[in-house]
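The structure file start-v4.txt is reproduced below (compact mmCIF, C-alpha atoms).
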# COMPACT_ATOMS: atom_id res chain seq x y z
CA MET A 27 136.82 71.04 65.17
CA TYR A 28 135.05 68.60 62.80
CA SER A 29 138.07 68.85 60.51
CA GLU A 30 137.67 65.31 59.13
CA TYR A 31 134.19 66.12 57.77
CA LYS A 32 135.28 69.42 56.30
CA LEU A 33 138.38 67.96 54.66
CA LYS A 34 136.35 65.20 53.06
CA ALA A 35 133.79 67.75 51.85
CA LYS A 36 136.53 69.83 50.22
CA SER A 37 137.86 66.80 48.38
CA LEU A 38 134.37 65.78 47.22
CA ILE A 39 133.47 69.14 45.68
CA ALA A 40 136.84 69.58 43.99
CA GLY A 41 136.41 70.07 40.25
CA ARG A 42 132.59 70.09 40.38
CA MET A 43 131.88 73.19 42.43
CA LEU A 44 130.10 75.05 39.64
CA ILE A 45 127.73 72.14 38.92
CA TYR A 46 126.81 71.79 42.58
CA PHE A 47 126.40 75.53 42.92
CA VAL A 48 124.00 75.63 39.94
CA LEU A 49 121.95 72.82 41.54
CA ILE A 50 121.66 74.69 44.85
CA LEU A 51 120.96 78.02 43.14
CA THR A 52 118.28 76.51 40.88
CA ALA A 53 116.46 74.99 43.85
CA PHE A 54 116.66 78.33 45.69
CA LEU A 55 115.38 80.36 42.73
CA LEU A 56 112.48 77.95 42.17
CA SER A 57 111.48 78.23 45.83
CA LEU A 58 111.71 82.03 45.58
CA LEU A 59 109.55 82.07 42.45
CA SER A 60 107.03 79.74 44.10
CA ILE A 61 106.73 81.96 47.16
CA SER A 62 106.45 85.09 45.00
CA ALA A 63 103.70 83.51 42.88
CA ILE A 64 101.75 82.39 45.95
CA ILE A 65 101.99 85.84 47.54
CA THR A 66 100.96 87.52 44.29
CA VAL A 67 97.84 85.37 43.92
CA ILE A 68 96.85 85.75 47.59
CA VAL A 69 97.36 89.52 47.59
CA SER A 70 95.42 89.91 44.34
CA VAL A 71 92.52 88.00 45.92
CA LEU A 72 92.53 89.91 49.20
CA HIS A 73 93.51 93.39 48.06
CA PRO A 74 91.09 95.07 45.61
CA PHE A 75 93.66 97.63 44.44
CA VAL A 76 96.18 94.96 43.41
CA SER A 77 93.50 92.85 41.73
CA SER A 78 92.28 95.89 39.80
CA LEU A 79 95.77 96.32 38.32
CA ILE A 80 95.77 92.73 37.02
CA LEU A 81 92.18 91.74 36.43
CA SER A 82 89.59 93.19 34.10
CA GLU A 83 86.18 93.87 35.61
CA ASP A 84 84.49 93.84 32.16
CA SER A 85 85.17 90.17 31.44
CA PRO A 86 84.08 87.68 34.11
CA VAL A 87 86.02 84.93 32.32
CA TYR A 88 89.35 86.74 32.58
CA PRO A 89 89.65 86.56 36.40
CA PHE A 90 88.86 82.83 36.27
CA MET A 91 91.55 82.28 33.63
CA TYR A 92 94.04 84.41 35.57
CA TYR A 93 93.62 82.47 38.80
CA THR A 94 93.60 79.13 36.96
CA ILE A 95 96.88 79.95 35.22
CA GLY A 96 98.29 81.27 38.50
CA ILE A 97 97.42 78.10 40.42
CA VAL A 98 98.78 75.86 37.64
CA ALA A 99 102.00 77.91 37.56
CA ILE A 100 102.37 77.62 41.34
CA ILE A 101 101.88 73.85 41.25
CA ALA A 102 104.40 73.53 38.41
CA LEU A 103 106.98 75.65 40.24
CA LEU A 104 106.51 73.71 43.48
CA LEU A 105 106.92 70.35 41.71
CA MET A 106 109.99 71.61 39.84
CA HIS A 107 111.46 72.79 43.13
CA ALA A 108 110.69 69.43 44.77
CA TYR A 109 112.42 67.61 41.91
CA THR A 110 115.48 69.87 41.90
CA ARG A 111 115.84 69.66 45.67
CA TYR A 112 115.41 65.88 45.59
CA VAL A 113 118.12 65.47 42.92
CA SER A 114 120.42 67.87 44.77
CA ASP A 115 120.02 66.00 48.06
CA LYS A 116 120.56 62.64 46.34
CA ILE A 117 123.74 63.79 44.59
CA PHE A 118 125.25 65.28 47.74
CA PHE A 119 124.34 62.23 49.80
CA LEU A 120 125.72 59.78 47.23
CA LYS A 121 128.97 61.75 47.08
CA ALA A 122 129.16 61.78 50.89
CA SER A 123 128.70 58.00 50.93
CA ASP A 124 131.42 57.55 48.26
CA ASP A 125 128.85 56.14 45.86
CA SER A 126 128.34 56.89 42.17
CA THR A 127 126.02 59.75 41.25
CA LYS A 128 125.26 58.27 37.84
CA GLY A 129 121.52 58.40 37.16
CA ALA A 130 120.81 60.50 40.27
CA TYR A 131 118.48 62.69 38.25
CA LYS A 132 116.18 59.73 37.54
CA ILE A 133 113.00 59.33 39.56
CA LYS A 134 111.88 55.90 40.70
CA GLY A 135 108.18 55.69 41.51
CA LYS A 136 105.30 57.71 40.13
CA THR A 137 104.61 59.47 43.41
CA THR A 138 108.21 60.21 44.44
CA ILE A 139 108.05 63.90 43.55
CA LEU A 140 104.71 64.33 45.32
CA LYS A 141 106.20 62.68 48.40
CA ALA A 142 109.28 64.91 48.11
CA PHE A 143 106.99 67.93 48.01
CA LEU A 144 105.05 66.64 51.03
CA LEU A 145 108.32 66.11 52.89
CA GLY A 146 109.32 69.71 52.24
CA VAL A 147 105.94 70.95 53.50
CA LEU A 148 106.24 68.82 56.65
CA ILE A 149 109.75 70.06 57.41
CA VAL A 150 108.81 73.72 56.93
CA THR A 151 105.65 73.28 59.04
CA LEU A 152 107.49 71.56 61.89
CA LYS A 153 110.26 74.16 61.91
CA THR A 154 107.69 76.97 61.92
CA LEU A 155 105.73 75.44 64.80
CA TRP A 156 108.90 74.98 66.85
CA PHE A 157 109.89 78.59 66.14
CA ILE A 158 106.52 79.90 67.29
CA ALA A 159 106.57 77.72 70.42
CA LEU A 160 110.08 78.80 71.43
CA GLN A 161 109.41 82.48 70.71
CA ILE A 162 106.23 82.67 72.81
CA PRO A 163 108.18 84.00 75.88
CA PHE A 164 109.75 86.67 73.68
CA LEU A 165 106.40 87.66 72.18
CA ALA A 166 104.76 87.77 75.61
CA ALA A 167 107.57 89.93 77.05
CA SER A 168 107.48 92.23 74.01
CA SER A 169 103.72 92.68 74.31
CA TYR A 170 104.03 93.46 78.00
CA PHE A 171 106.85 95.91 77.27
CA ALA A 172 104.74 97.68 74.62
CA TYR A 173 101.89 97.96 77.12
CA LEU A 174 104.17 99.45 79.80
CA LEU A 175 105.82 101.76 77.28
CA MET A 176 102.50 103.42 76.59
CA ASP A 177 102.35 104.43 80.26
CA GLY A 178 105.63 106.37 79.93
CA LEU A 179 108.50 104.47 81.55
CA PRO A 180 111.93 105.89 82.47
CA LYS A 181 114.70 105.27 79.94
CA ASN A 182 116.70 102.95 82.18
CA ILE A 183 113.67 100.67 82.63
CA ILE A 184 113.06 100.72 78.87
CA TYR A 185 116.66 99.64 78.23
CA ILE A 186 116.27 96.75 80.68
CA PHE A 187 113.07 95.58 79.02
CA VAL A 188 114.55 95.86 75.52
CA GLY A 189 117.66 93.97 76.60
CA GLY A 190 115.56 91.27 78.26
CA CYS A 191 113.36 90.87 75.18
CA LEU A 192 116.36 90.58 72.88
CA ALA A 193 117.98 88.04 75.21
CA LEU A 194 114.80 85.93 75.18
CA PHE A 195 114.66 86.16 71.39
CA PHE A 196 118.23 84.98 70.84
CA ILE A 197 117.95 82.23 73.46
CA GLY A 198 114.80 80.97 71.77
CA LEU A 199 116.49 81.26 68.37
CA PHE A 200 119.47 79.18 69.53
CA PHE A 201 117.30 76.43 71.01
CA TRP A 202 115.14 76.47 67.87
CA PHE A 203 118.22 76.04 65.68
CA CYS A 204 119.33 73.09 67.82
CA ILE A 205 115.91 71.41 67.89
CA ILE A 206 115.26 71.63 64.14
CA GLN A 207 118.42 69.62 63.50
CA ARG A 208 116.33 66.56 64.31
CA TYR A 209 114.90 66.94 60.80
CA SER A 210 118.23 67.56 59.05
CA ALA A 211 118.60 63.90 58.02
CA ALA A 212 115.06 63.57 56.63
CA ARG A 213 115.83 64.68 53.07
CA TYR A 214 118.90 62.45 52.83
CA ILE A 215 116.99 59.48 54.21
CA PHE A 216 114.25 60.14 51.68
CA ALA A 217 116.72 60.47 48.79
CA SER A 218 118.66 57.34 49.77
CA ASN A 219 115.66 55.06 50.20
CA ARG A 220 114.34 53.00 47.28
CA PHE A 221 110.78 53.25 48.63
CA PRO A 222 110.68 56.70 50.21
CA SER A 223 108.00 57.94 52.57
CA ALA A 224 107.67 61.53 53.74
CA PHE A 225 106.38 60.70 57.21
CA GLY A 226 108.74 57.74 57.52
CA SER A 227 111.71 59.93 56.62
CA ILE A 228 110.75 62.45 59.31
CA LYS A 229 110.39 59.68 61.89
CA GLN A 230 113.69 58.03 60.94
CA SER A 231 115.44 61.41 61.00
CA THR A 232 114.33 62.07 64.58
CA ILE A 233 115.67 58.62 65.55
CA THR A 234 118.97 59.13 63.74
CA MET A 235 119.53 62.62 65.14
CA LYS A 236 118.60 61.74 68.72
CA GLY A 237 121.43 62.97 70.93
CA ARG A 238 123.20 64.49 67.92
CA CYS A 239 121.26 67.72 67.39
CA LEU A 240 123.57 69.88 69.49
CA LYS A 241 126.66 68.55 67.72
CA THR A 242 125.06 69.17 64.32
CA ALA A 243 124.04 72.70 65.32
CA PHE A 244 127.57 73.58 66.46
CA PHE A 245 129.00 72.00 63.31
CA LYS A 246 126.80 74.19 61.10
CA LEU A 247 127.58 77.25 63.21
CA SER A 248 131.29 76.54 62.70
CA LEU A 249 130.68 77.06 58.97
CA VAL A 250 129.08 80.48 59.45
CA PRO A 251 132.45 82.32 59.09
CA TRP A 252 132.74 80.82 55.61
CA ILE A 253 129.30 82.17 54.70
CA VAL A 254 130.19 85.61 56.07
CA ALA A 255 133.54 85.56 54.26
CA CYS A 256 131.91 84.84 50.89
CA ALA A 257 130.59 88.40 50.86
CA LEU A 258 134.11 89.78 51.26
CA LEU A 259 136.72 87.30 50.10
CA ILE A 260 135.66 83.75 49.17
CA PRO A 261 133.36 83.31 46.14
CA ILE A 262 129.88 82.03 46.96
CA PRO A 263 129.99 79.25 44.27
CA TYR A 264 132.55 77.56 46.52
CA VAL A 265 130.99 78.28 49.91
CA LEU A 266 127.48 76.95 49.26
CA PRO A 267 128.58 73.54 47.89
CA TYR A 268 131.16 73.30 50.67
CA TYR A 269 128.53 74.00 53.33
CA LYS A 270 126.01 71.53 51.87
CA MET A 271 128.59 68.82 51.26
CA SER A 272 130.01 69.19 54.78
CA SER A 273 126.51 68.80 56.23
CA ALA A 274 125.86 65.76 54.00
CA VAL A 275 129.11 64.11 55.14
CA LEU A 276 128.21 64.66 58.79
CA ILE A 277 124.65 63.36 58.38
CA TYR A 278 125.90 60.32 56.46
CA GLU A 279 128.24 59.54 59.34
CA PHE A 280 125.32 59.71 61.78
CA MET A 281 123.16 57.53 59.55
CA SER A 282 125.95 54.95 59.22
CA ARG A 283 126.35 54.79 62.99
CA GLU A 284 122.60 54.46 63.45
CA MET A 285 122.38 51.61 60.94
CA LYS A 286 125.24 49.76 62.63
CA SER A 287 123.60 50.10 66.02
CA ARG A 288 120.20 48.86 64.85
CA ARG A 289 119.12 45.31 64.34
CA GLY A 290 117.02 44.18 61.44
CA PRO A 291 116.81 45.70 57.95
CA ALA A 292 118.79 48.88 57.48
CA ILE A 293 118.14 51.80 55.15
CA ILE A 294 119.11 50.86 51.60
CA LEU A 295 121.64 53.39 50.34
CA GLY A 296 122.32 54.19 46.73
CA VAL A 297 120.28 54.69 43.61
Please re-express this file's structure in structure tokens.
Amino acid sequence: MYSEYKLKAKSLIAGRMLIYFVLILTAFLLSLLSISAIITVIVSVLHPFVSSLILSEDSPVYPFMYYTIGIVAIIALLLMHAYTRYVSDKIFFLKASDDSTKGAYKIKGKTTILKAFLLGVLIVTLKTLWFIALQIPFLAASSYFAYLLMDGLPKNIIYIFVGGCLALFFIGLFFWFCIIQRYSAARYIFASNRFPSAFGSIKQSTITMKGRCLKTAFFKLSLVPWIVACALLIPIPYVLPYYKMSSAVLIYEFMSREMKSRRGPAIILGV
């Protein structure tokens, strides 16, 4: 299934796997550092014990300097992550469209990185809201189960409730994974457009992915065995570029079909 996309992805990453892997890994590490820095600053503000380990109570200037440096570091990490992710998406999309990746690291427009950051925030927010909405039945059932459990239920009833709660969780998780595919083209649309817009990329992605979310979800699920195998057999520097390139090839195919079906000006591809 989807063999044509996977075969093309394999040919596109041939000879450049390590470079693509470093791009993906750099973006991931920057996001991890950003999250860690945000959590550290928030916890130090809210928790007096943690703040006492870092801050000095004798100097009122020191806490101000600490939080100023922390905020500046967070902003720098987030912008670096936005840039790395933007370049990564552009390179993978250009390769998927059989275009040259020369100059993909260059940024056109003074606000491009800020818009790329905003796009990332929008995508994460929308995915989180969908997750919460689809997990409400699971949370409600779990709360009701916890309430009944305190009254001392028989074991067989407990097993039924636990099984029901888990079923609701996985059903909600599957539908969530399918629904969030409507945003899977947003980053590529943003990277391929000469005048990118965060909100416009989200809107265009929902149009492009209309009726294609289920296919995209099953396509990505078909690559899960590769991800599992990388822990046992296949090296991860091959699996991650293969997964991302396969997804880029599929999304590019959807975008091409959407552009052919639309009238008027199409999305301008390329650098």
Would you mind listing what lies within 7 Å of Phe164 in chain A as a count of residues only, with all atoms listed in the file counted and same-chain residues fewer than 5 positions away left out? 3
Just give me the gap between CA of Leu240 in chain A and CA of Leu148 in chain A in Å, one decimal is fine.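 Computed distance, CA of Leu240 in chain A to CA of Leu148 in chain A, equals 21.6 Å.
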Which residues come within 10 Å of Ser223 in chain A, counting all atoms listed in the file, excluding same-chain residues fewer than 2 positions away, as a ChimeraX atom specification? /A:137-138,141-142,144-145,212,215-217,219-221,225-229
Given the point (127.2, 60.5, 48.9) in the coordinates of this file, which residues lie within 12 Å, counting only C-alpha atoms, and how would they look as a count of residues only? 40
Distance CA of Gln161 in chain A-CA of Phe200 in chain A, one decimal place?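 If I compute the distance from CA of Gln161 in chain A to CA of Phe200 in chain A, I get 10.7 Å.
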How many Å separate CA of Arg111 in chain A from CA of Ala53 in chain A? 5.7 Å
So that I can see what lies close to Ile61 in chain A, please list as a list in words the residues with an atom at most 12 Å from it, counting only C-alpha atoms and leaving out residues fewer than 6 positions away in the same chain. Phe54, Leu55, Val67, Ile68, Ala99, Ile100, Ile101, Leu103, Leu104 and His107 of chain A
Check the smallest atom-to-atom distance from each of A:Val188, A:Ala224, A:Lys32, A:Met285 to Phe245 in chain A using only C-alpha atoms, then report the winner.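 Closest to Phe245 in chain A of all the choices is A:Lys32.
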Ala193 in chain A environment, 12 Å, only C-alpha atoms, sequence neighbours closer than 3 positions dropped, as a ChimeraX atom specification: /A:161,163-165,167-168,186-190,196-200
At a cut-off of 8 Å, using only C-alpha atoms, what residues contact Ile206 in chain A? Leave out same-chain residues fewer than 2 positions from it and give the result as a list in words.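 Residues near the query, excluding close chain neighbours: Lys153, Trp156, Trp202, Phe203, Cys204, Arg208, Tyr209, Ser210 and Cys239 of chain A.
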With only C-alpha atoms as the atoms that count, which of A:Ala255, A:Ala108, A:Ser231, A:Phe280 lies nearest to Val147 in chain A?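 Using only C-alpha atoms, Val147 in chain A sits closest to A:Ala108.
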Every residue with an atom at most 8 Å from (129.1, 80.4, 41.8) (file coordinates; all atoms listed in the file) is what I'm after, so could you write them as number ranges by chain? A: 43-44, 47-48, 261-264
Put those residues in a file: C-alpha atoms, as a PDB file, in the coordinates of the input.
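What ended up in selection-v4.pdb:
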ATOM      1  CA  MET A  43     131.880  73.190  42.430  1.00  0.00           C
ATOM      2  CA  LEU A  44     130.100  75.050  39.640  1.00  0.00           C
ATOM      3  CA  PHE A  47     126.400  75.530  42.920  1.00  0.00           C
ATOM      4  CA  VAL A  48     124.000  75.630  39.940  1.00  0.00           C
ATOM      5  CA  PRO A 261     133.360  83.310  46.140  1.00  0.00           C
ATOM      6  CA  ILE A 262     129.880  82.030  46.960  1.00  0.00           C
ATOM      7  CA  PRO A 263     129.990  79.250  44.270  1.00  0.00           C
ATOM      8  CA  TYR A 264     132.550  77.560  46.520  1.00  0.00           C
TER       9      TYR A 264
END
Determine the nearest neighbour of Ser248 in chain A from the options A:Tyr131, A:Tyr269, A:Tyr185, A:Tyr46, counting only C-alpha atoms.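 Going through A:Tyr131, A:Tyr269, A:Tyr185, A:Tyr46 one by one, the smallest distance to Ser248 in chain A is for A:Tyr269.
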Closest of A:Leu56, A:Ile205, A:Tyr109, A:Ser169 to Phe244 in chain A, counting only C-alpha atoms, is A:Ile205
Counting only C-alpha atoms, the residue of A:Ala166, A:Leu160, A:Gly135, A:Thr234 that sits nearest Phe201 in chain A: A:Leu160
So for range 153-167 of chain A, what box centre and size do we get, axis-aligned, 8 Å extra on each of the six sides, every listed atom, Å to one decimal, as AutoDock Vina command-line options?
--center_x 107.5 --center_y 82.0 --center_z 69.5 --size_x 21.5 --size_y 31.8 --size_z 31.1
